[in-house]
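Undergrad: One file is attached below, query-v2.json, containing JSON, C-alpha atoms and all ligand atoms.
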```json
[["chain", "number", "residue", "atom", "x", "y", "z"],
["Z", 1, "MET", "CA", 3.25, -8.40, 20.23],
["Z", 2, "SER", "CA", 5.54, -9.46, 17.36],
["Z", 3, "GLU", "CA", 8.83, -7.72, 16.52],
["Z", 4, "ILE", "CA", 7.37, -6.10, 13.43],
["Z", 5, "GLU", "CA", 4.43, -4.65, 15.39],
["Z", 6, "LYS", "CA", 6.91, -2.95, 17.74],
["Z", 7, "GLN", "CA", 8.63, -1.17, 14.84],
["Z", 8, "ALA", "CA", 7.61, 2.28, 13.62],
["Z", 9, "LEU", "CA", 5.31, 2.10, 10.62],
["Z", 10, "ARG", "CA", 7.07, 2.11, 7.24],
["Z", 11, "ILE", "CA", 4.34, 1.91, 4.65],
["Z", 12, "GLY", "CA", 5.04, 1.63, 0.95],
["Z", 13, "VAL", "CA", 2.22, 2.76, -1.34],
["Z", 14, "PHE", "CA", 2.14, 1.40, -4.89],
["Z", 15, "LEU", "CA", -0.27, 3.21, -7.17],
["Z", 16, "CYS", "CA", -1.30, 1.29, -10.27],
["Z", 17, "HIS", "CA", -2.48, 3.10, -13.41],
["Z", 18, "CYS", "CA", -3.90, -0.08, -14.98],
["Z", 19, "GLY", "CA", -3.27, 1.61, -18.32],
["Z", 20, "THR", "CA", -6.13, 4.09, -18.53],
["Z", 21, "ASN", "CA", -8.52, 2.03, -16.38],
["Z", 22, "ILE", "CA", -7.52, 3.98, -13.29],
["Z", 23, "ALA", "CA", -5.24, 6.75, -14.55],
["Z", 24, "GLY", "CA", -7.76, 7.73, -17.24],
["Z", 25, "ILE", "CA", -10.17, 8.86, -14.49],
["Z", 26, "LEU", "CA", -8.08, 9.66, -11.41],
["Z", 27, "ASP", "CA", -5.47, 12.40, -11.26],
["Z", 28, "MET", "CA", -2.61, 10.11, -10.20],
["Z", 29, "LYS", "CA", -0.26, 12.99, -9.50],
["Z", 30, "GLN", "CA", -2.65, 14.48, -6.95],
["Z", 31, "LEU", "CA", -3.45, 11.07, -5.47],
["Z", 32, "GLY", "CA", 0.25, 10.23, -5.16],
["Z", 33, "GLU", "CA", 0.94, 13.57, -3.50],
["Z", 34, "PHE", "CA", -1.90, 12.96, -1.04],
["Z", 35, "ALA", "CA", -0.73, 9.40, -0.30],
["Z", 36, "SER", "CA", 2.87, 10.42, 0.33],
["Z", 37, "HIS", "CA", 1.74, 12.71, 3.19],
["Z", 38, "LEU", "CA", -0.33, 10.10, 5.01],
["Z", 39, "PRO", "CA", 1.08, 9.05, 8.42],
["Z", 40, "GLY", "CA", 3.59, 6.21, 8.21],
["Z", 41, "VAL", "CA", 4.02, 6.39, 4.43],
["Z", 42, "VAL", "CA", 7.74, 6.42, 3.57],
["Z", 43, "GLN", "CA", 7.63, 5.22, -0.03],
["Z", 44, "MET", "CA", 5.37, 6.05, -2.94],
["Z", 45, "ALA", "CA", 5.68, 4.49, -6.38],
["Z", 46, "GLU", "CA", 3.54, 4.54, -9.52],
["Z", 47, "ASN", "CA", 3.35, 1.86, -12.13],
["Z", 48, "LEU", "CA", 1.57, 1.49, -15.45],
["Z", 49, "TYR", "CA", 0.74, -2.16, -14.73],
["Z", 50, "THR", "CA", 1.72, -3.18, -11.19],
["Z", 51, "CYS", "CA", 0.83, -6.86, -11.73],
["Z", 52, "SER", "CA", 3.32, -7.11, -14.63],
["Z", 53, "GLU", "CA", 6.64, -8.81, -13.89],
["Z", 54, "PRO", "CA", 8.57, -5.48, -13.72],
["Z", 55, "GLY", "CA", 5.83, -4.04, -11.50],
["Z", 56, "GLN", "CA", 6.07, -6.98, -9.10],
["Z", 57, "GLN", "CA", 9.86, -6.87, -9.03],
["Z", 58, "GLU", "CA", 9.76, -3.17, -8.22],
["Z", 59, "ILE", "CA", 7.64, -3.94, -5.14],
["Z", 60, "VAL", "CA", 10.15, -6.56, -3.97],
["Z", 61, "LYS", "CA", 13.07, -4.20, -4.59],
["Z", 62, "LEU", "CA", 11.54, -1.22, -2.80],
["Z", 63, "ILE", "CA", 10.45, -3.28, 0.21],
["Z", 64, "ARG", "CA", 14.05, -4.42, 0.63],
["Z", 65, "GLU", "CA", 15.70, -1.07, -0.10],
["Z", 66, "ASN", "CA", 13.44, 0.92, 2.23],
["Z", 67, "ASN", "CA", 12.82, -1.65, 4.97],
["Z", 68, "LEU", "CA", 9.08, -1.38, 4.43],
["Z", 69, "ASN", "CA", 6.98, -3.19, 7.03],
["Z", 70, "ARG", "CA", 3.55, -2.59, 5.47],
["Z", 71, "VAL", "CA", 2.67, -2.62, 1.77],
["Z", 72, "MET", "CA", -0.37, -1.00, 0.16],
["Z", 73, "VAL", "CA", -1.16, -1.76, -3.45],
["Z", 74, "VAL", "CA", -3.70, 0.70, -4.79],
["Z", 75, "ALA", "CA", -5.12, -1.07, -7.81],
["Z", 76, "CYS", "CA", -7.95, -3.51, -8.55],
["Z", 77, "THR", "CA", -9.99, -5.93, -6.48],
["Z", 78, "PRO", "CA", -8.01, -8.19, -4.12],
["Z", 79, "LYS", "CA", -9.96, -11.07, -5.62],
["Z", 80, "LEU", "CA", -7.87, -10.65, -8.75],
["Z", 81, "HIS", "CA", -4.34, -10.04, -7.50],
["Z", 82, "GLU", "CA", -4.06, -10.33, -3.73],
["Z", 83, "VAL", "CA", -2.28, -13.68, -4.14],
["Z", 84, "THR", "CA", 0.10, -12.14, -6.72],
["Z", 85, "PHE", "CA", 1.15, -9.34, -4.41],
["Z", 86, "ARG", "CA", 1.30, -11.57, -1.33],
["Z", 87, "LYS", "CA", 3.92, -13.59, -3.21],
["Z", 88, "CYS", "CA", 5.94, -10.39, -3.80],
["Z", 89, "VAL", "CA", 5.74, -9.52, -0.12],
["Z", 90, "ILE", "CA", 6.91, -13.04, 0.84],
["Z", 91, "GLU", "CA", 9.76, -12.83, -1.69],
["Z", 92, "ALA", "CA", 10.92, -9.61, -0.04],
["Z", 93, "GLY", "CA", 10.94, -11.33, 3.37],
["Z", 94, "LEU", "CA", 7.72, -9.94, 4.87],
["Z", 95, "ASN", "CA", 4.71, -11.76, 6.26],
["Z", 96, "PRO", "CA", 2.05, -11.88, 3.47],
["Z", 97, "PHE", "CA", -0.64, -10.47, 5.78],
["Z", 98, "LEU", "CA", 1.22, -7.16, 5.99],
["Z", 99, "LEU", "CA", -0.16, -6.38, 2.54],
["Z", 100, "GLU", "CA", -3.23, -4.21, 2.11],
["Z", 101, "MET", "CA", -4.96, -3.88, -1.26],
["Z", 102, "VAL", "CA", -7.04, -0.82, -2.01],
["Z", 103, "ASN", "CA", -9.58, -1.28, -4.78],
["Z", 104, "VAL", "CA", -9.75, 1.93, -6.80],
["Z", 105, "ARG", "CA", -10.76, 0.25, -10.04],
["Z", 106, "GLU", "CA", -13.93, -1.89, -9.70],
["Z", 107, "GLN", "CA", -15.21, 0.11, -6.72],
["Z", 108, "LEU", "CA", -14.09, 3.52, -7.91],
["Z", 109, "THR", "CA", -13.05, 4.46, -11.44],
["Z", 110, "TRP", "CA", -15.34, 1.94, -13.09],
["Z", 111, "VAL", "CA", -18.37, 3.26, -11.22],
["Z", 112, "HIS", "CA", -17.48, 6.97, -11.14],
["Z", 113, "SER", "CA", -16.07, 7.42, -14.64],
["Z", 114, "GLN", "CA", -18.30, 10.46, -15.26],
["Z", 115, "GLU", "CA", -17.27, 12.27, -12.06],
["Z", 116, "PRO", "CA", -13.46, 12.39, -11.94],
["Z", 117, "GLN", "CA", -13.27, 15.05, -9.24],
["Z", 118, "LEU", "CA", -15.61, 13.18, -6.91],
["Z", 119, "ALA", "CA", -13.78, 9.96, -7.76],
["Z", 120, "LEU", "CA", -10.52, 11.58, -6.65],
["Z", 121, "GLU", "CA", -12.04, 12.67, -3.33],
["Z", 122, "LYS", "CA", -13.38, 9.15, -2.76],
["Z", 123, "ALA", "CA", -9.97, 7.68, -3.65],
["Z", 124, "LYS", "CA", -8.29, 9.95, -1.09],
["Z", 125, "ASP", "CA", -10.74, 8.91, 1.64],
["Z", 126, "THR", "CA", -10.29, 5.24, 0.71],
["Z", 127, "LEU", "CA", -6.51, 5.57, 0.88],
["Z", 128, "ALA", "CA", -6.60, 7.35, 4.24],
["Z", 129, "ALA", "CA", -8.82, 4.58, 5.64],
["Z", 130, "ALA", "CA", -6.50, 1.91, 4.25],
["Z", 131, "VAL", "CA", -3.46, 3.56, 5.85],
["Z", 132, "ALA", "CA", -5.33, 3.65, 9.18],
["Z", 133, "ARG", "CA", -6.05, -0.06, 8.74],
["Z", 134, "ALA", "CA", -2.42, -0.78, 7.84],
["Z", 135, "ASN", "CA", -1.61, 0.36, 11.39],
["Z", 136, "LEU", "CA", -3.55, -2.63, 12.66],
["Z", 137, "LEU", "CA", -2.19, -5.30, 10.34],
["Z", 138, "GLU", "CA", -0.54, -8.17, 12.16],
["Z", 139, "PRO", "CA", 1.69, -10.92, 10.80],
["Z", 140, "LEU", "CA", -0.40, -14.08, 10.70],
["Z", 141, "GLU", "CA", 0.38, -17.73, 10.08],
["Z", 142, "TYR", "CA", -1.64, -20.31, 8.20],
["Z", 143, "ILE", "CA", -2.90, -23.09, 10.43],
["Z", 144, "ARG", "CA", -4.62, -26.38, 9.73],
["Z", 145, "VAL", "CA", -7.55, -27.41, 11.92],
["Z", 146, "PRO", "CA", -9.32, -30.76, 11.93],
["Z", 147, "VAL", "CA", -12.79, -30.61, 10.43],
["Z", 148, "THR", "CA", -15.56, -33.05, 11.36],
["Z", 149, "LYS", "CA", -17.12, -34.23, 8.13],
["Z", 150, "LYS", "CA", -20.69, -33.88, 9.32],
["Z", 151, "ALA", "CA", -23.58, -31.61, 8.21],
["Z", 152, "LEU", "CA", -26.82, -30.41, 9.71],
["Z", 153, "VAL", "CA", -29.60, -29.49, 7.26],
["Z", 154, "VAL", "CA", -32.50, -27.54, 8.74],
["Z", 155, "GLY", "CA", -35.80, -27.93, 6.89],
["Z", 156, "GLY", "CA", -37.15, -31.00, 5.12],
["Z", 157, "GLY", "CA", -38.64, -29.27, 2.07],
["Z", 158, "ILE", "CA", -37.46, -30.01, -1.45],
["Z", 159, "ALA", "CA", -34.30, -27.90, -1.02],
["Z", 160, "GLY", "CA", -33.38, -29.50, 2.31],
["Z", 161, "LEU", "CA", -34.06, -33.01, 1.02],
["Z", 162, "THR", "CA", -32.00, -32.44, -2.13],
["Z", 163, "ALA", "CA", -29.14, -30.91, -0.15],
["Z", 164, "SER", "CA", -29.20, -33.82, 2.29],
["Z", 165, "LEU", "CA", -29.12, -36.39, -0.50],
["Z", 166, "ASP", "CA", -26.27, -34.57, -2.28],
["Z", 167, "LEU", "CA", -24.27, -34.37, 0.94],
["Z", 168, "ALA", "CA", -24.88, -38.03, 1.75],
["Z", 169, "GLU", "CA", -23.81, -39.04, -1.76],
["Z", 170, "ALA", "CA", -20.63, -37.02, -1.26],
["Z", 171, "GLY", "CA", -19.88, -39.12, 1.82],
["Z", 172, "VAL", "CA", -20.84, -36.51, 4.42],
["Z", 173, "ASP", "CA", -22.58, -37.76, 7.55],
["Z", 174, "THR", "CA", -25.82, -35.71, 7.35],
["Z", 175, "ILE", "CA", -28.57, -35.00, 9.84],
["Z", 176, "LEU", "CA", -31.83, -33.54, 8.51],
["Z", 177, "VAL", "CA", -34.09, -31.69, 10.95],
["Z", 178, "GLU", "CA", -37.75, -30.90, 10.19],
["Z", 179, "ARG", "CA", -40.16, -29.33, 12.69],
["Z", 180, "LYS", "CA", -43.29, -30.88, 11.10],
["Z", 181, "PRO", "CA", -44.24, -34.55, 11.45],
["Z", 182, "SER", "CA", -43.75, -35.21, 7.71],
["Z", 183, "LEU", "CA", -41.16, -34.34, 5.07],
["Z", 184, "GLY", "CA", -41.73, -32.61, 1.74],
["Z", 185, "GLY", "CA", -42.75, -29.05, 2.67],
["Z", 186, "ARG", "CA", -44.75, -27.29, -0.06],
["Z", 187, "MET", "CA", -43.84, -30.03, -2.49],
["Z", 188, "ALA", "CA", -45.97, -32.47, -0.51],
["Z", 189, "GLN", "CA", -49.05, -30.24, -1.04],
["Z", 190, "LEU", "CA", -48.94, -30.59, -4.85],
["Z", 191, "CYS", "CA", -51.03, -33.21, -6.59],
["Z", 192, "LYS", "CA", -48.68, -33.58, -9.58],
["Z", 193, "THR", "CA", -45.28, -32.30, -10.68],
["Z", 194, "PHE", "CA", -43.71, -31.48, -14.06],
["Z", 195, "PRO", "CA", -42.45, -33.17, -16.24],
["Z", 196, "THR", "CA", -43.75, -36.63, -15.24],
["Z", 197, "MET", "CA", -47.01, -35.33, -13.73],
["Z", 198, "ASP", "CA", -46.54, -37.84, -10.92],
["Z", 199, "CYS", "CA", -47.75, -37.29, -7.39],
["Z", 200, "PRO", "CA", -44.68, -35.91, -5.54],
["Z", 201, "ILE", "CA", -45.19, -38.09, -2.46],
["Z", 301, "LIG", "S1", -2.74, -4.81, -10.69],
["Z", 301, "LIG", "FE1", -4.89, -4.76, -11.19],
["Z", 301, "LIG", "S2", -5.27, -2.61, -11.59],
["Z", 301, "LIG", "FE2", -3.05, -2.92, -11.78],
["Z", 301, "LIG", "S3", -2.63, -3.42, -13.94],
["Z", 301, "LIG", "FE3", -2.92, -5.34, -12.85],
["Z", 301, "LIG", "S4", -5.12, -5.76, -13.17],
["Z", 301, "LIG", "FE4", -4.83, -3.58, -13.59]]
```
Step by step, read the file and then write its structure as C-alpha cells.

TA:
Amino acid sequence: MSEIEKQALRIGVFLCHCGTNIAGILDMKQLGEFASHLPGVVQMAENLYTCSEPGQQEIVKLIRENNLNRVMVVACTPKLHEVTFRKCVIEAGLNPFLLEMVNVREQLTWVHSQEPQLALEKAKDTLAAAVARANLLEPLEYIRVPVTKKALVVGGGIAGLTASLDLAEAGVDTILVERKPSLGGRMAQLCKTFPTMDCPI
C-alpha cells in the first residue's frame, strides 16, 4: 500500500457551471451543499468555467493549501478534459490517477434538460458514487511494454481478406485463419461484382 493510500481521505470537489450548460439546469447551491457532506470531502469549490486558466490554477492552489489527496472535477466528459485536469493534479504534486471526473453535462444536463429536479437527484447519486470510487483510487505509474507486431485475422471473407492485406501492407506479420477449404466467403458465391461486373474469384 502506498503512503497516500494510508492517509485519511481528503477529497476536493470542483463543481463546474460550464456557463449555463450545467448551472442552467442543476441547482448548484443544493448540489454543492450535498457534495460538501459526503464522506472524505474537505473542500468544495465552484467555478464558472473550470477548464479556463483561472479555474485550473484554483485547483492547483486548493490542492496545495488543503493537502488534498483525491480530486473530483464535476463537469463534462473525461474525454474532453481529463488530460487537462490530470496536468493540474501533477502540477500540484499529486499522482494524476488520483483525479476522478464526474460527467454531469453530456450524461446529465444535456439529456435531462426538461426535468431539473430529477436531474439534480441523478447528479447527487452520481456524485455519491464517484466519492465512493475515489476511496479506491490508487496512484499508478505509466509503463512501457514490448508489443509483438503480429496479427491474427479470423475469417477469410471479404472483410478478413481486406484487413489482412491492409495489415500486411502496414508491415504487420499477419496470419489469416479460415475454417472452410477456400477463401472468399459470401463474395465467392457471387457471379459478378459492381462496378467492373467481373467474377469475384
Ligand atoms: S470543464 Fe467542461 S464543463 Fe467545465 S467549462 Fe470546461 S468544457 Fe465546460

Undergrad: So, with only C-alpha atoms and all ligand atoms as the atoms that count, which of Z:Leu98, Z:Leu31, Z:Gln107, Z:Asn67 lies closest to ligand LIG 301 (chain Z)?

TA: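 For ligand LIG 301 (chain Z), the nearest of the given residues is Z:Gln107.
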
Undergrad: As an exercise, work out the distance from CA of Ile4 in chain Z to CA of Leu38 in chain Z in Å and give it to one decimal place.

TA: 19.8 Å

Undergrad: Rounded to one decimal, what separation in Å do you get between CA of Gln56 in chain Z and CA of Cys18 in chain Z?

TA: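 We find that CA of Gln56 in chain Z and CA of Cys18 in chain Z lie 13.5 Å from each other.
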
Undergrad: For a test of reading the model, state the distance in Å between CA of Gln117 in chain Z and CA of Thr50 in chain Z, rounded to one decimal.

TA: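 Between these atoms lies a distance of 23.7 Å.
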
Undergrad: Each residue of chain Z lying at most 10 Å from ligand LIG 301 (chain Z) should get a row with its shortest atom-to-atom pair and the distance in Å to one decimal, counting only C-alpha atoms and all ligand atoms; could you produce that, ordered by chain and increasing number, as a tab-separated table?

TA:
```
residue	atom	partner	partner_atom	distance
Z:Phe14	CA	Z:LIG301	FE2	9.6
Z:Leu15	CA	Z:LIG301	FE2	8.2
Z:Cys16	CA	Z:LIG301	FE2	4.8
Z:His17	CA	Z:LIG301	FE2	6.3
Z:Cys18	CA	Z:LIG301	S3	3.7
Z:Gly19	CA	Z:LIG301	S3	6.7
Z:Thr20	CA	Z:LIG301	FE4	9.2
Z:Asn21	CA	Z:LIG301	FE4	7.3
Z:Ile22	CA	Z:LIG301	S2	7.2
Z:Ala23	CA	Z:LIG301	S2	9.8
Z:Asn47	CA	Z:LIG301	FE2	8.0
Z:Leu48	CA	Z:LIG301	S3	6.6
Z:Tyr49	CA	Z:LIG301	S3	3.7
Z:Thr50	CA	Z:LIG301	S1	4.8
Z:Cys51	CA	Z:LIG301	FE3	4.2
Z:Ser52	CA	Z:LIG301	FE3	6.7
Z:Gly55	CA	Z:LIG301	S1	8.6
Z:Gln56	CA	Z:LIG301	S1	9.2
Z:Val73	CA	Z:LIG301	S1	8.0
Z:Val74	CA	Z:LIG301	S2	7.7
Z:Ala75	CA	Z:LIG301	S2	4.1
Z:Cys76	CA	Z:LIG301	S2	4.2
Z:Thr77	CA	Z:LIG301	FE1	7.0
Z:Pro78	CA	Z:LIG301	FE1	8.5
Z:Lys79	CA	Z:LIG301	FE1	9.8
Z:Leu80	CA	Z:LIG301	FE1	7.0
Z:His81	CA	Z:LIG301	S1	6.3
Z:Glu82	CA	Z:LIG301	S1	9.0
Z:Thr84	CA	Z:LIG301	S1	8.8
Z:Phe85	CA	Z:LIG301	S1	8.7
Z:Met101	CA	Z:LIG301	S1	9.7
Z:Val102	CA	Z:LIG301	S2	9.9
Z:Asn103	CA	Z:LIG301	S2	8.2
Z:Val104	CA	Z:LIG301	S2	8.0
Z:Arg105	CA	Z:LIG301	S2	6.4
Z:Glu106	CA	Z:LIG301	S2	8.9
```

Undergrad: I need the residue nearest Glu33 in chain Z from this list: Z:Leu127, Z:Met197, Z:Val83, Z:Ala188. Use all atoms listed in the file for the distance.

TA: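 Checking each candidate against Glu33 in chain Z, we get Z:Leu127 as the closest.
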
Undergrad: Using all atoms listed in the file, find each residue in range 126-178 of chain Z having at least one atom no more than 9 Å away from range 5-8 of chain Z; report its shortest atom-to-atom pair and that distance in Å (one decimal), rows by chain then rising number, as JSON lines.

TA:
```
{"residue": "Z:Asn135", "atom": "CA", "partner": "Z:Glu5", "partner_atom": "CA", "distance": 8.8}
{"residue": "Z:Leu136", "atom": "CA", "partner": "Z:Glu5", "partner_atom": "CA", "distance": 8.7}
{"residue": "Z:Leu137", "atom": "CA", "partner": "Z:Glu5", "partner_atom": "CA", "distance": 8.4}
{"residue": "Z:Glu138", "atom": "CA", "partner": "Z:Glu5", "partner_atom": "CA", "distance": 6.9}
{"residue": "Z:Pro139", "atom": "CA", "partner": "Z:Glu5", "partner_atom": "CA", "distance": 8.2}
```
